[in-house]
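Below: one structure, written as structure tokens.
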Amino acid sequence: MTEVGVRRSSLSTMAFTSVLLFIFSIYSCYAQVPLLMWTSDGHSMPHLAQPAAGQAVTGGQLVSYLKSALSTAPHNVLLFLQDKLSIDDFTMYGGVFGNKQDSVFLNVESALQTSSSPLMLPALDWSASDSVLELFQGELGIPAVHINPSTLKEIKLNTAQPSLLAVHLPYTDGAQSKELLLKNDEIIGKVLDLFKSQDVPYTAVYTGLKPSRVIEDTPVMAGSFVGRSLLQAPSPPSVKPPVVFNSTTGQPCILLWADTLLARYLENEIDLGKDIFNASADLTGSVCNGTLSRLVLNYQNVLGFQSLKLIFSMRKIFFPVSARNWTVMEQVELEYDGQRAIFNASRGIYAPAEYSFHCQNVSSVQSPLLVPRNATDNANQWKLTFTDFQIQGFNVTGEMFSYASDCAGFFTPGIWMGLLTSLLMVLILTYGLHMIMQIHTMDRFDDPKGPAISVPLSE
């Protein structure tokens, strides 16, 4: 290999390792384990959204990840279950800043680099990681086969049916941990080479059954908030799961989340989102397909009405100017005791079809994104205010939102103030430079021995 090739390979490894360690470093290490998942070369998993920074992946979210991944990934699954593993192991023993020779995860890094769509979950509740084996057995519908690394050469793989192979890797705290991690990486490399030699596609998972490092005297319950907080300050409440409507195939096709869904009729007001984010929402009447999504929230005996429906109607529309499909919220509708109130929403609620839509405040009152259909519509008797509102009606993968297209415009009042102030200062500077350039120096001088100089006033 030429010197240029060696440099490029080193830079590529350094960039990948730095990105991996940077992603890992932003997560807390309190009672959590990392999980790495990748596929063999030539196969891929669907694009799965990474969890937000500081958010630990729970058991329910892990099930959603696995279902989405196995929809396209090979069903020959390799589980590398290490007794203990933490993010700090990658930080301390990984190839930092391009020092590839110092890394103990050479085979893992190489596999992640060759995979087209690896999944990295830096913070998985270790209580959920302890049940990874059972989750895969339930998804694949087959029992796991525990293999011994010393008998790898005797294994004959059958590509005609799915398989689930579990490899248990040891771990020792202290000075011997680096050598043991290096041996575990070599075992992973041998198993992957076995599958490559027999031309068997695979899906590999590397995780720990327990964290190898947990900060002492800091008990953290599974699912609780981890981060800096003031003493005696109440911990923030857990995040509510979104409302999920499944298609006829059983896959999620509409997601909705909001902090509040306030509806005010005349002088009465109610939060319609108070009790729907606990999997108890009545979604009767909802429908979704390739071009239309309609989410219906049904209520009984609210605001003096026997029945009330809050309906979000979305449509996928192709716009030639942008050459892409867009999700447009056509209208938000209220049906109550045989009457209807319709708000047009297409002017302000839209996003690329691959994204979700998010807005901190969706209202029919202040800076309205919801406008009554006409002056005589029943919508004029209603006032709707949705806070921290997010919805996705197309291209839903799992029970997590895609990248959010926010309603906040690029030119905010602060940006306009800065631009106008800068423009004013540039104009003043330009005027000053122009005035300085118009100053003429004297080019004639009076000689006391000669005749006096006569300068016309026109000059």
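Naming scheme: A, B, ... for chains in displayed order of the structure tokens; residues 1 onward per chain; ligands 1 onward as shown.
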
For this session: Would you return as a PyMOL selection string the members of region 243-438 of chain A that DSSP assigns to strand (DSSP E) on this structure's backbone?
Result: chain A and resi 243-246+252-257+260-265+268-271+287-288+292-302+305-319+324-336+339-344+350-352+356-363+371-372+382-392+404-406

Problem set entry | Test item, helix (DSSP H, G or I) assignment across region 206-393 of chain A, answer as a ChimeraX atom specification | /A:378-381

Problem set entry | Separation of CA of Ser40 (chain A) from CA of Thr114 (chain A) in Å | 7.8 Å

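The coordinates place CA of Pro34 (chain A) at 16.6 Å from CA of Leu135 (chain A).
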
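Counting only C-alpha atoms, region 365-377 of chain A has the following residues at most 6 Å away, ignoring those fewer than 4 positions along the same chain: Ile342, Phe343, Asn344, Ala345 and Gly348 of chain A.
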
For this session: Determine, counting only C-alpha atoms, which protein, DNA and RNA residues have an atom within 6 Å of an atom of Ser293 (chain A); residues of the same chain fewer than 4 positions away are not included. Present the result as a ChimeraX atom specification.
Result: /A:287-288,314,393

Could those residues be written to a file, using all heavy atoms, as a PDB file, in the first residue's frame?
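Wrote part.pdb, looks like this:
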```pdb
ATOM      1  N   VAL A 287     -57.388   6.447   9.745  1.00  0.00           N
ATOM      2  CA  VAL A 287     -57.039   5.716   8.537  1.00  0.00           C
ATOM      3  C   VAL A 287     -55.731   6.271   8.005  1.00  0.00           C
ATOM      4  O   VAL A 287     -55.398   7.448   8.216  1.00  0.00           O
ATOM      5  CB  VAL A 287     -58.156   5.842   7.474  1.00  0.00           C
ATOM      6  CG1 VAL A 287     -58.307   7.277   7.014  1.00  0.00           C
ATOM      7  CG2 VAL A 287     -57.891   4.920   6.292  1.00  0.00           C
ATOM      8  N   CYS A 288     -54.960   5.423   7.330  1.00  0.00           N
ATOM      9  CA  CYS A 288     -53.714   5.888   6.710  1.00  0.00           C
ATOM     10  C   CYS A 288     -53.412   5.032   5.494  1.00  0.00           C
ATOM     11  O   CYS A 288     -53.692   3.829   5.477  1.00  0.00           O
ATOM     12  CB  CYS A 288     -52.551   5.829   7.705  1.00  0.00           C
ATOM     13  SG  CYS A 288     -52.138   4.164   8.272  1.00  0.00           S
ATOM     14  N   MET A 314     -54.190  14.839   7.059  1.00  0.00           N
ATOM     15  CA  MET A 314     -52.938  15.142   6.365  1.00  0.00           C
ATOM     16  C   MET A 314     -52.926  14.464   4.999  1.00  0.00           C
ATOM     17  O   MET A 314     -53.499  13.392   4.833  1.00  0.00           O
ATOM     18  CB  MET A 314     -51.740  14.656   7.191  1.00  0.00           C
ATOM     19  CG  MET A 314     -51.576  15.358   8.527  1.00  0.00           C
ATOM     20  SD  MET A 314     -50.401  14.504   9.608  1.00  0.00           S
ATOM     21  CE  MET A 314     -51.383  13.080  10.112  1.00  0.00           C
ATOM     22  N   GLY A 393     -47.278  11.767   9.697  1.00  0.00           N
ATOM     23  CA  GLY A 393     -48.312  10.958   9.073  1.00  0.00           C
ATOM     24  C   GLY A 393     -47.830  10.039   7.979  1.00  0.00           C
ATOM     25  O   GLY A 393     -48.602   9.216   7.481  1.00  0.00           O
TER      26      GLY A 393
END
```
